[in-house]
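Chemist: For reference, the structure I am asking about is given below.
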Amino acid sequence: MIDVELKVKRFNPDSDRKPHWQTFTVQAEPTDRVLDALHTVRWAQDGTLGFRRSCAHGVCGSDAMIINGANALACVVLVKDAVGGGGGTITVEPIRGLPVIKDLVVDMEPFFAQYRSVMPYLVNTDDPGCTERLQSPEERARYDDTTKCILCAACTTACPVYWGDSEYVGPAAIVNAHRFVFDSRDQASSERLDLLDQRSGVWKCRTAFSCSEACPRGIKVTQAIQEVKRKTLFDRS
Amino acid sequence: MEVHRHSYDAVIVGAGGAGLRAAIEAAGKCRTAVITKLYPTRSHTGAAQGGMCAALANVEEDSWEWHLFDTIKGGDYLVDQPAAEIMCREAIDAVIELEHFGLPFNRTPEGKIDQRRFGGHTRNHGEAPVRRACYSADRTGHMILQTLFQQCVARDVNFFNELHVLDVAFVDGRVGGVVAYDLATGDLHVFTTKAVLFATGGYGKMFKVSSNAHALTGDGPGLLYRRGIPLQDMEFFQFHPTGIYKLGILLSEAARGEGGILRNQSGERFMERYAPTVKDLAPRDMVSRAIQSEVLEGRGVGNDKDAVHLDLTHLAPEQIDAKLPDVSDFVRTYLGIEPKTEPIPIQPTAHYAMGGIPTNVDGEVVVDPDGTVFPGLYAAGECACVSVHGSNRLGTNSLLDIVVFGKRGGRALVDFVHATDLPELPGGVEADVANRIQSLVSGSGGEKVARVRADLQAAMTEKAFVYRTEETLSSMLATLGDLVRRYAEVTVDDKGPTFNYDLTEALELGYLLDLSESLVVSARARTESRGAQFRTDHPLRDDANWMRHTLATRKDDGTVELSYKPVVGGDYLPMERKY
């Protein structure tokens with residue numbers, strides 16, 4: 001066990017006018033998750049600490065937050081890695097670009113509205129009959145990377161453009177459009193590209209690569225956005 | 001605390017695979033509210049890894065009858081055979097439908113859905129493992145959850161996110177509504193409705209070593225149990241053989257389906273001794289017991305010799321990258337081990353509830369041994385007990401269960417709603433929930449949620465895990481008595497209305513305690529070993545006395561009453577379970 005300083009940016013809408021920092025000292029195993037350290041606070045020191053979580057192993061996407069300045073899932077970052085260069089202190093803040101409701105809990109509704117705006121579902125009006133549609137392993141591989149998205153918002157809320165322009169649909173929405181635009185079974189790619197060709201769409205991207213760095217699933221988000229841009233310009237089949 | 005009132009034809013509680021599949025069925029047919037305490041995509045369906053079985057016969061000969069036989073034998077003959085037949089037959093259309101919904105299955109060179117091996121799934125009644133599991137790398141559950149959510153978005157399904165359903169209201173012997181707590185505001189919401197389908201998932205958080213998400217606290221079965229609905233076969237809880245050592249995080253059976261081998265301290269492939277034909281691909285109950293036996297007999301690995309190794313080092317690195325990418329990442333992240341070159345320490349982890357809210361094959365909740373339906377009440381998925389899994393679920397059959405019975409439940413619910421008027425809810429149905437919240441917030445007891453929960457989880461893992469005896473179960477009941485008394489003294493730190501997780505965790509713990517009691521009472525009464533329940537003091541299966549389902553009912557005085565109903569048989573007669 002080691003002592004860890006957990007410096008958390010807190011905000012309680014029922015009593016605070018603006019956010020403030022609070023530091024907790026918790027005991028943790030080096031191999032514990034940052035999420036475990038947050039639990040230690042909520043369960044043993046201060047029950048009012050607000051943060052979302054569920055699966056605790058990086059597949060449900062509930063606990064995206066800023067850890068030592070970078071977007072990450074609290075259940076995937078280990079304490080030993082988080083304190084590595086930080087002299088025993090781990091700083092934790094809510095993700096940026098979405099309204100903070102309480103402590104580390106932000107309003108996810110704008111994020112999901114942007115996701116819904118890009119037709120994130122397969123469209124195919126042909127009668128498929130009673131067997132599967134065929135798709136070659138190569139066709140399947142074409143969109144594999146973007147099927148991994150867990151909608152945690154780490155990419156979108158790492159994007160400097162998104163911070164300044166909440167009209168931008170953001171990287172996650174484009175990732176989920178990409179997943180269908182490049183699926184050989186889909187027939188609505190043209191409509192989706194029209195949506196992303198608008199002012200709020202792909203052209204807002206300034207290729208900062210922040211989204212790719214932030215993705216806890218290792219999706220090449222920036223590359224996916226560039227592929228959608230290219231298809232919008234040159235390949236509107 | 002404000003109370004908001006809503007009126008819908010139907011309410012679905014829970015938005016994992018079963019709830020979303022039911023929602024797709026109801027979309028456009030009746031006014032439906034889908035209520036979830038998370039966001040739909042956070043549901044634990046997304047953590048399922050390995051696959052979903054269906055006898056497509058895309059890569060080798062297979063038939064749904066073989067799948068049915070495996071399911072019944074895997075469930076140690078406590079399976080209701082007509083229900084399992086429906087599941088195994090409809091599996092084929094269910095997989096095809098998911099493909100049509102857009103699910104990105106892995107493909108064969110011809111472009112068909114690819115299939116792989118999985119524990120307990122065999123060709124021709126146990127001859128050899130068969131390739132039956134349709135999959136998408138090792139994130140099949142993620143793809144199912146995403147695909148069903150996408151289809152709900154396409155159908156404009158009406159979601160109430162982060163609303164925590166805490167009670168159901170019955171009116172004149174039928175469903176009248178539900179009461180939910182709003183996490184964002186602390187307000188209560190009363191939904192008047194003709195029908196409710198519960199799809200709240202499992203309750204594996206009653207154990208310390210668990211593959212389950214924090215959210216899996218059995219709210220649906222818990223709140224119904226308090227309203228007098230019986231719970232079926234609660235003693236049967238599955239312990240998955242390959243949880244990450246100490247953390248319990250699931251490492252898919254697909255790791256063994258792809259060729260992974262379990263080894264003890266001396267490197268021996270010990271499953272050859274326990275299941276000579278299918279070896280590492282024996283059903284989960286047998287593999288978990290084998291691991292515990294190796295540990296108890298001193299052949300474990302690790303500092304405390306309480307684990308065994310899952311060995312993938314002989315697999316081709318490209319195969320690991322292509323077929324087991326997420327599993328490998330979990331091992332690297334949480335153990336700091338490279339699975340391509342080092343064996344992985346694993347131990348059994350609490351994984352899946354075979355028991356739950358008793359239903360028929362249309363998702364209608366049945367409340368007695370005669371199969372009497374409670375009008376307007378439905379359940380599907382892990383929180384329900386149809387019973388298609390009997391006393392031990394086969395790998396992949398949970399993903400199948402949620403889509404097959406989610407759809408059937410949704411369909412039955414729509415039919416019911418069309419033939420029924422909206423009930424009149426009396427005033428004050430939210431009073432019980434309001435009182436519970438009030439006493440947790442303003443109580444003066446000094447007990448803390450986390451301490452009671454940690455003690456519950458530790459005791460259940462010590463006394464009601466893979467191996468059980470009269471002694472351990474009696475001791476657990478005494479412990480539960482203490483824990484319930486301590487729970488009455490719990491007061492939360494957080495008194496505010498906004499995202500008060502201190503409060504919701506306390507409410508969830510109440511359900512976990514009740515469900516633990518029903519599990520332990522049911523397990524103690526069943527003096528035999530069958531499927532996932534192994535009684536060291538009664539090591540044999542006893543078909544003469546115990547080919548029957550347990551129903552646990554909570555009486556008004558808080559005691560648990562057990563009754564029993566017969567297993568519905570079929571073509572397959574019980575035989576010794578060897579693999």
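Residue numbering restarts at 1 for every chain of the structure tokens, chains are lettered A, B, ... in their displayed order, and ligands are numbered from 1 as they appear.
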With a cut-off of 7 Å, could you pull out the residues of chain B touching chain A and give me the nearest pair of atoms for each, distance in Å to one decimal, using only C-alpha atoms, ordered by chain and ascending number, as a Markdown table?

Modeler:
| residue | atom | partner | partner_atom | distance |
| --- | --- | --- | --- | --- |
| B:Thr41 | CA | A:Cys60 | CA | 6.7 |
| B:Arg42 | CA | A:Cys60 | CA | 4.4 |
| B:Ser43 | CA | A:Cys60 | CA | 6.8 |
| B:His44 | CA | A:Cys55 | CA | 6.9 |
| B:Gly46 | CA | A:Cys60 | CA | 6.6 |
| B:Ala47 | CA | A:Val59 | CA | 6.2 |
| B:Ile96 | CA | A:Glu132 | CA | 5.4 |
| B:Glu99 | CA | A:Glu132 | CA | 6.2 |
| B:His100 | CA | A:Glu132 | CA | 6.8 |
| B:Phe101 | CA | A:Leu122 | CA | 6.5 |
| B:Gly102 | CA | A:Leu122 | CA | 5.4 |
| B:Arg107 | CA | A:Pro137 | CA | 5.4 |
| B:Thr108 | CA | A:Pro137 | CA | 6.7 |
| B:Pro109 | CA | A:Ser136 | CA | 6.4 |
| B:Glu110 | CA | A:Ser136 | CA | 6.6 |
| B:Gly111 | CA | A:Ser136 | CA | 4.2 |
| B:Lys112 | CA | A:Leu134 | CA | 5.5 |
| B:Gln150 | CA | A:Tyr121 | CA | 4.9 |
| B:Gln151 | CA | A:Tyr121 | CA | 6.2 |
| B:Val153 | CA | A:Arg116 | CA | 6.8 |
| B:Ala154 | CA | A:Tyr121 | CA | 6.5 |
| B:Asn212 | CA | A:Cys55 | CA | 7.0 |
| B:Ala213 | CA | A:Cys55 | CA | 4.0 |
| B:His214 | CA | A:Ser54 | CA | 4.9 |
| B:Ala215 | CA | A:Ser54 | CA | 5.6 |
| B:Ala450 | CA | A:Trp43 | CA | 5.4 |
| B:Asp493 | CA | A:Gly47 | CA | 5.0 |
| B:Asp494 | CA | A:Thr48 | CA | 4.7 |
| B:Phe499 | CA | A:Gly50 | CA | 6.4 |
| B:Asn500 | CA | A:Thr48 | CA | 6.8 |
| B:Tyr501 | CA | A:Gly50 | CA | 6.7 |
| B:Asp502 | CA | A:Gly47 | CA | 5.4 |

Chemist: As a PDB file with N, CA, C and O atoms, in the first residue's frame, which residues of region 74-212 of chain A does DSSP assign to helix (DSSP H, G or I)?

Modeler:
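Saved as selection_25.pdb:
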ATOM      1  N   VAL A  79      -2.997   3.313 -10.549  1.00  0.00           N
ATOM      2  CA  VAL A  79      -2.414   4.296  -9.637  1.00  0.00           C
ATOM      3  C   VAL A  79      -0.918   4.452  -9.884  1.00  0.00           C
ATOM      4  O   VAL A  79      -0.400   5.566  -9.950  1.00  0.00           O
ATOM      5  N   LYS A  80      -0.206   3.350 -10.065  1.00  0.00           N
ATOM      6  CA  LYS A  80       1.257   3.445 -10.213  1.00  0.00           C
ATOM      7  C   LYS A  80       1.641   4.248 -11.455  1.00  0.00           C
ATOM      8  O   LYS A  80       2.636   4.953 -11.469  1.00  0.00           O
ATOM      9  N   ASP A  81       0.822   4.149 -12.504  1.00  0.00           N
ATOM     10  CA  ASP A  81       1.119   4.923 -13.708  1.00  0.00           C
ATOM     11  C   ASP A  81       0.717   6.383 -13.535  1.00  0.00           C
ATOM     12  O   ASP A  81       1.370   7.282 -14.058  1.00  0.00           O
ATOM     13  N   ALA A  82      -0.351   6.602 -12.771  1.00  0.00           N
ATOM     14  CA  ALA A  82      -0.827   7.975 -12.587  1.00  0.00           C
ATOM     15  C   ALA A  82       0.103   8.777 -11.672  1.00  0.00           C
ATOM     16  O   ALA A  82       0.244   9.982 -11.836  1.00  0.00           O
ATOM     17  N   VAL A  83       0.723   8.125 -10.706  1.00  0.00           N
ATOM     18  CA  VAL A  83       1.622   8.877  -9.809  1.00  0.00           C
ATOM     19  C   VAL A  83       3.035   8.933 -10.355  1.00  0.00           C
ATOM     20  O   VAL A  83       3.858   9.692  -9.848  1.00  0.00           O
ATOM     21  N   GLU A 109     -26.198  14.669 -22.297  1.00  0.00           N
ATOM     22  CA  GLU A 109     -27.266  14.783 -23.301  1.00  0.00           C
ATOM     23  C   GLU A 109     -26.803  15.429 -24.607  1.00  0.00           C
ATOM     24  O   GLU A 109     -27.132  14.925 -25.684  1.00  0.00           O
ATOM     25  N   PRO A 110     -26.040  16.554 -24.562  1.00  0.00           N
ATOM     26  CA  PRO A 110     -25.591  17.127 -25.841  1.00  0.00           C
ATOM     27  C   PRO A 110     -24.757  16.129 -26.650  1.00  0.00           C
ATOM     28  O   PRO A 110     -24.890  16.036 -27.875  1.00  0.00           O
ATOM     29  N   PHE A 111     -23.936  15.359 -25.945  1.00  0.00           N
ATOM     30  CA  PHE A 111     -23.083  14.368 -26.611  1.00  0.00           C
ATOM     31  C   PHE A 111     -23.931  13.316 -27.335  1.00  0.00           C
ATOM     32  O   PHE A 111     -23.700  12.995 -28.499  1.00  0.00           O
ATOM     33  N   PHE A 112     -24.936  12.780 -26.644  1.00  0.00           N
ATOM     34  CA  PHE A 112     -25.766  11.746 -27.276  1.00  0.00           C
ATOM     35  C   PHE A 112     -26.662  12.331 -28.375  1.00  0.00           C
ATOM     36  O   PHE A 112     -26.979  11.653 -29.355  1.00  0.00           O
ATOM     37  N   ALA A 113     -27.056  13.613 -28.236  1.00  0.00           N
ATOM     38  CA  ALA A 113     -27.836  14.252 -29.307  1.00  0.00           C
ATOM     39  C   ALA A 113     -26.981  14.342 -30.574  1.00  0.00           C
ATOM     40  O   ALA A 113     -27.462  14.109 -31.694  1.00  0.00           O
ATOM     41  N   GLN A 114     -25.688  14.673 -30.406  1.00  0.00           N
ATOM     42  CA  GLN A 114     -24.795  14.750 -31.566  1.00  0.00           C
ATOM     43  C   GLN A 114     -24.594  13.365 -32.190  1.00  0.00           C
ATOM     44  O   GLN A 114     -24.575  13.210 -33.410  1.00  0.00           O
ATOM     45  N   TYR A 115     -24.476  12.366 -31.341  1.00  0.00           N
ATOM     46  CA  TYR A 115     -24.380  10.978 -31.835  1.00  0.00           C
ATOM     47  C   TYR A 115     -25.623  10.630 -32.668  1.00  0.00           C
ATOM     48  O   TYR A 115     -25.522  10.124 -33.787  1.00  0.00           O
ATOM     49  N   ARG A 116     -26.806  10.920 -32.134  1.00  0.00           N
ATOM     50  CA  ARG A 116     -28.045  10.559 -32.823  1.00  0.00           C
ATOM     51  C   ARG A 116     -28.205  11.297 -34.158  1.00  0.00           C
ATOM     52  O   ARG A 116     -28.886  10.814 -35.055  1.00  0.00           O
ATOM     53  N   PRO A 137     -14.337 -11.034 -45.309  1.00  0.00           N
ATOM     54  CA  PRO A 137     -13.503 -10.605 -44.179  1.00  0.00           C
ATOM     55  C   PRO A 137     -12.811  -9.265 -44.440  1.00  0.00           C
ATOM     56  O   PRO A 137     -12.646  -8.460 -43.521  1.00  0.00           O
ATOM     57  N   GLU A 138     -12.468  -8.993 -45.720  1.00  0.00           N
ATOM     58  CA  GLU A 138     -11.818  -7.715 -46.044  1.00  0.00           C
ATOM     59  C   GLU A 138     -12.810  -6.553 -45.883  1.00  0.00           C
ATOM     60  O   GLU A 138     -12.460  -5.497 -45.357  1.00  0.00           O
ATOM     61  N   GLU A 139     -14.045  -6.773 -46.360  1.00  0.00           N
ATOM     62  CA  GLU A 139     -15.068  -5.728 -46.198  1.00  0.00           C
ATOM     63  C   GLU A 139     -15.361  -5.498 -44.713  1.00  0.00           C
ATOM     64  O   GLU A 139     -15.561  -4.372 -44.273  1.00  0.00           O
ATOM     65  N   ARG A 140     -15.372  -6.583 -43.964  1.00  0.00           N
ATOM     66  CA  ARG A 140     -15.623  -6.485 -42.517  1.00  0.00           C
ATOM     67  C   ARG A 140     -14.495  -5.724 -41.820  1.00  0.00           C
ATOM     68  O   ARG A 140     -14.729  -4.925 -40.914  1.00  0.00           O
ATOM     69  N   ALA A 141     -13.264  -5.968 -42.287  1.00  0.00           N
ATOM     70  CA  ALA A 141     -12.108  -5.320 -41.658  1.00  0.00           C
ATOM     71  C   ALA A 141     -12.086  -3.818 -41.926  1.00  0.00           C
ATOM     72  O   ALA A 141     -11.518  -3.052 -41.141  1.00  0.00           O
ATOM     73  N   ARG A 142     -12.731  -3.396 -43.038  1.00  0.00           N
ATOM     74  CA  ARG A 142     -12.654  -1.994 -43.460  1.00  0.00           C
ATOM     75  C   ARG A 142     -13.155  -1.022 -42.376  1.00  0.00           C
ATOM     76  O   ARG A 142     -12.668   0.098 -42.262  1.00  0.00           O
ATOM     77  N   ASP A 145     -12.188  -0.836 -36.926  1.00  0.00           N
ATOM     78  CA  ASP A 145     -11.653   0.050 -35.878  1.00  0.00           C
ATOM     79  C   ASP A 145     -12.760   0.879 -35.227  1.00  0.00           C
ATOM     80  O   ASP A 145     -12.796   1.038 -34.006  1.00  0.00           O
ATOM     81  N   THR A 146     -13.672   1.380 -36.045  1.00  0.00           N
ATOM     82  CA  THR A 146     -14.686   2.288 -35.483  1.00  0.00           C
ATOM     83  C   THR A 146     -15.861   1.550 -34.823  1.00  0.00           C
ATOM     84  O   THR A 146     -16.700   2.179 -34.186  1.00  0.00           O
ATOM     85  N   THR A 147     -15.899   0.212 -34.953  1.00  0.00           N
ATOM     86  CA  THR A 147     -16.939  -0.517 -34.210  1.00  0.00           C
ATOM     87  C   THR A 147     -16.590  -0.621 -32.728  1.00  0.00           C
ATOM     88  O   THR A 147     -17.418  -1.032 -31.923  1.00  0.00           O
ATOM     89  N   LYS A 148     -15.355  -0.271 -32.366  1.00  0.00           N
ATOM     90  CA  LYS A 148     -14.921  -0.454 -30.976  1.00  0.00           C
ATOM     91  C   LYS A 148     -15.424   0.642 -30.038  1.00  0.00           C
ATOM     92  O   LYS A 148     -15.274   0.552 -28.826  1.00  0.00           O
ATOM     93  N   THR A 156     -14.286  13.301 -27.929  1.00  0.00           N
ATOM     94  CA  THR A 156     -14.998  14.556 -28.214  1.00  0.00           C
ATOM     95  C   THR A 156     -14.606  15.650 -27.219  1.00  0.00           C
ATOM     96  O   THR A 156     -14.385  16.799 -27.594  1.00  0.00           O
ATOM     97  N   THR A 157     -14.477  15.265 -25.946  1.00  0.00           N
ATOM     98  CA  THR A 157     -14.179  16.280 -24.936  1.00  0.00           C
ATOM     99  C   THR A 157     -12.682  16.544 -24.799  1.00  0.00           C
ATOM    100  O   THR A 157     -12.275  17.326 -23.949  1.00  0.00           O
ATOM    101  N   ALA A 158     -11.876  15.895 -25.656  1.00  0.00           N
ATOM    102  CA  ALA A 158     -10.449  16.247 -25.727  1.00  0.00           C
ATOM    103  C   ALA A 158     -10.184  17.192 -26.888  1.00  0.00           C
ATOM    104  O   ALA A 158      -9.073  17.695 -27.058  1.00  0.00           O
ATOM    105  N   PRO A 160     -10.008  20.438 -28.964  1.00  0.00           N
ATOM    106  CA  PRO A 160     -10.026  21.881 -28.697  1.00  0.00           C
ATOM    107  C   PRO A 160     -11.075  22.632 -29.509  1.00  0.00           C
ATOM    108  O   PRO A 160     -11.601  23.645 -29.051  1.00  0.00           O
ATOM    109  N   VAL A 161     -11.405  22.127 -30.686  1.00  0.00           N
ATOM    110  CA  VAL A 161     -12.458  22.774 -31.468  1.00  0.00           C
ATOM    111  C   VAL A 161     -13.800  22.634 -30.753  1.00  0.00           C
ATOM    112  O   VAL A 161     -14.570  23.585 -30.637  1.00  0.00           O
ATOM    113  N   TYR A 162     -14.039  21.440 -30.216  1.00  0.00           N
ATOM    114  CA  TYR A 162     -15.313  21.178 -29.526  1.00  0.00           C
ATOM    115  C   TYR A 162     -15.462  22.055 -28.293  1.00  0.00           C
ATOM    116  O   TYR A 162     -16.558  22.516 -27.982  1.00  0.00           O
ATOM    117  N   TRP A 163     -14.363  22.293 -27.593  1.00  0.00           N
ATOM    118  CA  TRP A 163     -14.435  23.153 -26.399  1.00  0.00           C
ATOM    119  C   TRP A 163     -14.997  24.524 -26.730  1.00  0.00           C
ATOM    120  O   TRP A 163     -15.744  25.101 -25.956  1.00  0.00           O
ATOM    121  N   GLY A 164     -14.594  25.017 -27.934  1.00  0.00           N
ATOM    122  CA  GLY A 164     -14.991  26.379 -28.287  1.00  0.00           C
ATOM    123  C   GLY A 164     -16.255  26.442 -29.118  1.00  0.00           C
ATOM    124  O   GLY A 164     -16.775  27.509 -29.402  1.00  0.00           O
ATOM    125  N   GLY A 170     -18.495  16.676 -33.299  1.00  0.00           N
ATOM    126  CA  GLY A 170     -17.425  16.084 -32.500  1.00  0.00           C
ATOM    127  C   GLY A 170     -16.957  14.733 -33.015  1.00  0.00           C
ATOM    128  O   GLY A 170     -17.636  14.052 -33.782  1.00  0.00           O
ATOM    129  N   PRO A 171     -15.748  14.346 -32.576  1.00  0.00           N
ATOM    130  CA  PRO A 171     -15.120  13.109 -33.065  1.00  0.00           C
ATOM    131  C   PRO A 171     -15.965  11.847 -32.872  1.00  0.00           C
ATOM    132  O   PRO A 171     -16.056  11.023 -33.779  1.00  0.00           O
ATOM    133  N   ALA A 172     -16.616  11.679 -31.725  1.00  0.00           N
ATOM    134  CA  ALA A 172     -17.328  10.415 -31.478  1.00  0.00           C
ATOM    135  C   ALA A 172     -18.475  10.221 -32.469  1.00  0.00           C
ATOM    136  O   ALA A 172     -18.707   9.115 -32.963  1.00  0.00           O
ATOM    137  N   ALA A 173     -19.186  11.290 -32.758  1.00  0.00           N
ATOM    138  CA  ALA A 173     -20.287  11.181 -33.721  1.00  0.00           C
ATOM    139  C   ALA A 173     -19.743  10.794 -35.091  1.00  0.00           C
ATOM    140  O   ALA A 173     -20.327   9.970 -35.799  1.00  0.00           O
ATOM    141  N   ILE A 174     -18.588  11.397 -35.468  1.00  0.00           N
ATOM    142  CA  ILE A 174     -18.015  11.086 -36.781  1.00  0.00           C
ATOM    143  C   ILE A 174     -17.524   9.630 -36.824  1.00  0.00           C
ATOM    144  O   ILE A 174     -17.688   8.930 -37.819  1.00  0.00           O
ATOM    145  N   VAL A 175     -16.940   9.169 -35.717  1.00  0.00           N
ATOM    146  CA  VAL A 175     -16.521   7.763 -35.621  1.00  0.00           C
ATOM    147  C   VAL A 175     -17.714   6.842 -35.876  1.00  0.00           C
ATOM    148  O   VAL A 175     -17.616   5.855 -36.610  1.00  0.00           O
ATOM    149  N   ASN A 176     -18.852   7.194 -35.303  1.00  0.00           N
ATOM    150  CA  ASN A 176     -20.026   6.332 -35.452  1.00  0.00           C
ATOM    151  C   ASN A 176     -20.675   6.468 -36.824  1.00  0.00           C
ATOM    152  O   ASN A 176     -21.357   5.548 -37.272  1.00  0.00           O
ATOM    153  N   ALA A 177     -20.458   7.589 -37.479  1.00  0.00           N
ATOM    154  CA  ALA A 177     -20.873   7.695 -38.881  1.00  0.00           C
ATOM    155  C   ALA A 177     -19.942   6.850 -39.757  1.00  0.00           C
ATOM    156  O   ALA A 177     -20.391   6.105 -40.630  1.00  0.00           O
ATOM    157  N   HIS A 178     -18.645   6.964 -39.491  1.00  0.00           N
ATOM    158  CA  HIS A 178     -17.636   6.197 -40.233  1.00  0.00           C
ATOM    159  C   HIS A 178     -17.950   4.705 -40.199  1.00  0.00           C
ATOM    160  O   HIS A 178     -17.858   4.003 -41.201  1.00  0.00           O
ATOM    161  N   ARG A 179     -18.363   4.227 -39.030  1.00  0.00           N
ATOM    162  CA  ARG A 179     -18.629   2.807 -38.852  1.00  0.00           C
ATOM    163  C   ARG A 179     -19.677   2.306 -39.863  1.00  0.00           C
ATOM    164  O   ARG A 179     -19.641   1.144 -40.270  1.00  0.00           O
ATOM    165  N   PHE A 180     -20.600   3.184 -40.273  1.00  0.00           N
ATOM    166  CA  PHE A 180     -21.608   2.766 -41.257  1.00  0.00           C
ATOM    167  C   PHE A 180     -21.251   3.182 -42.677  1.00  0.00           C
ATOM    168  O   PHE A 180     -21.539   2.470 -43.626  1.00  0.00           O
ATOM    169  N   VAL A 181     -20.599   4.345 -42.810  1.00  0.00           N
ATOM    170  CA  VAL A 181     -20.219   4.814 -44.146  1.00  0.00           C
ATOM    171  C   VAL A 181     -19.332   3.769 -44.837  1.00  0.00           C
ATOM    172  O   VAL A 181     -19.432   3.546 -46.045  1.00  0.00           O
ATOM    173  N   SER A 189     -24.927   6.021 -46.975  1.00  0.00           N
ATOM    174  CA  SER A 189     -23.701   6.764 -46.762  1.00  0.00           C
ATOM    175  C   SER A 189     -23.797   8.175 -47.328  1.00  0.00           C
ATOM    176  O   SER A 189     -23.309   9.120 -46.734  1.00  0.00           O
ATOM    177  N   SER A 190     -24.490   8.331 -48.444  1.00  0.00           N
ATOM    178  CA  SER A 190     -24.587   9.648 -49.054  1.00  0.00           C
ATOM    179  C   SER A 190     -25.341  10.628 -48.132  1.00  0.00           C
ATOM    180  O   SER A 190     -24.915  11.776 -47.950  1.00  0.00           O
ATOM    181  N   GLU A 191     -26.439  10.160 -47.538  1.00  0.00           N
ATOM    182  CA  GLU A 191     -27.183  11.026 -46.611  1.00  0.00           C
ATOM    183  C   GLU A 191     -26.329  11.403 -45.403  1.00  0.00           C
ATOM    184  O   GLU A 191     -26.333  12.536 -44.931  1.00  0.00           O
ATOM    185  N   ARG A 192     -25.594  10.408 -44.909  1.00  0.00           N
ATOM    186  CA  ARG A 192     -24.747  10.662 -43.735  1.00  0.00           C
ATOM    187  C   ARG A 192     -23.652  11.667 -44.077  1.00  0.00           C
ATOM    188  O   ARG A 192     -23.362  12.572 -43.295  1.00  0.00           O
ATOM    189  N   LEU A 193     -23.066  11.518 -45.280  1.00  0.00           N
ATOM    190  CA  LEU A 193     -22.003  12.452 -45.672  1.00  0.00           C
ATOM    191  C   LEU A 193     -22.573  13.853 -45.881  1.00  0.00           C
ATOM    192  O   LEU A 193     -21.912  14.841 -45.585  1.00  0.00           O
ATOM    193  N   ASP A 194     -23.811  13.953 -46.380  1.00  0.00           N
ATOM    194  CA  ASP A 194     -24.459  15.271 -46.489  1.00  0.00           C
ATOM    195  C   ASP A 194     -24.555  15.929 -45.109  1.00  0.00           C
ATOM    196  O   ASP A 194     -24.299  17.118 -44.953  1.00  0.00           O
ATOM    197  N   LEU A 195     -24.936  15.123 -44.122  1.00  0.00           N
ATOM    198  CA  LEU A 195     -25.050  15.662 -42.755  1.00  0.00           C
ATOM    199  C   LEU A 195     -23.696  16.167 -42.259  1.00  0.00           C
ATOM    200  O   LEU A 195     -23.597  17.224 -41.631  1.00  0.00           O
ATOM    201  N   LEU A 196     -22.653  15.407 -42.576  1.00  0.00           N
ATOM    202  CA  LEU A 196     -21.324  15.763 -42.055  1.00  0.00           C
ATOM    203  C   LEU A 196     -20.640  16.831 -42.905  1.00  0.00           C
ATOM    204  O   LEU A 196     -19.608  17.364 -42.520  1.00  0.00           O
ATOM    205  N   VAL A 202     -17.668  17.521 -40.426  1.00  0.00           N
ATOM    206  CA  VAL A 202     -16.250  17.143 -40.412  1.00  0.00           C
ATOM    207  C   VAL A 202     -15.282  18.276 -40.651  1.00  0.00           C
ATOM    208  O   VAL A 202     -14.126  18.201 -40.219  1.00  0.00           O
ATOM    209  N   TRP A 203     -15.735  19.350 -41.358  1.00  0.00           N
ATOM    210  CA  TRP A 203     -14.771  20.414 -41.711  1.00  0.00           C
ATOM    211  C   TRP A 203     -14.352  21.241 -40.501  1.00  0.00           C
ATOM    212  O   TRP A 203     -13.408  22.028 -40.578  1.00  0.00           O
ATOM    213  N   LYS A 204     -15.034  21.059 -39.382  1.00  0.00           N
ATOM    214  CA  LYS A 204     -14.582  21.727 -38.154  1.00  0.00           C
ATOM    215  C   LYS A 204     -13.281  21.133 -37.642  1.00  0.00           C
ATOM    216  O   LYS A 204     -12.558  21.745 -36.854  1.00  0.00           O
ATOM    217  N   SER A 210      -5.822  15.176 -30.842  1.00  0.00           N
ATOM    218  CA  SER A 210      -6.160  15.018 -29.426  1.00  0.00           C
ATOM    219  C   SER A 210      -7.129  13.849 -29.225  1.00  0.00           C
ATOM    220  O   SER A 210      -7.060  13.125 -28.236  1.00  0.00           O
ATOM    221  N   CYS A 211      -8.055  13.676 -30.173  1.00  0.00           N
ATOM    222  CA  CYS A 211      -9.066  12.623 -30.050  1.00  0.00           C
ATOM    223  C   CYS A 211      -8.427  11.247 -30.072  1.00  0.00           C
ATOM    224  O   CYS A 211      -8.774  10.375 -29.265  1.00  0.00           O
ATOM    225  N   SER A 212      -7.488  11.044 -30.997  1.00  0.00           N
ATOM    226  CA  SER A 212      -6.833   9.728 -31.083  1.00  0.00           C
ATOM    227  C   SER A 212      -6.054   9.425 -29.814  1.00  0.00           C
ATOM    228  O   SER A 212      -6.058   8.290 -29.326  1.00  0.00           O
TER     229      SER A 212
END

Chemist: Mind the document's chain letters and residue numbers, and return as a list in words the residues of region 84-169 of chain A that DSSP labels strand (DSSP E).

Modeler: Thr89, Ile90, Thr91, Val92, Glu93, Val100, Ile101, Lys102, Val105 and Val106 of chain A

Chemist: Can you list, as a list in words, every protein, DNA or RNA residue that comes within 10 Å of Asn392 (chain B) when you count only C-alpha atoms, leaving out same-chain residues fewer than 6 positions away?

Modeler: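 Those residues are Thr71, Ile72, Lys73, Gly74, Gly75, Asp76, Tyr77, Leu78, Val79, Phe236, Phe237, Gln238, Phe239, Pro283, Arg284, Asp285, Met286, Tyr352, Ala353, Met354, Gly355, Arg530, Gly531, Ala532 and Gln533 of chain B.
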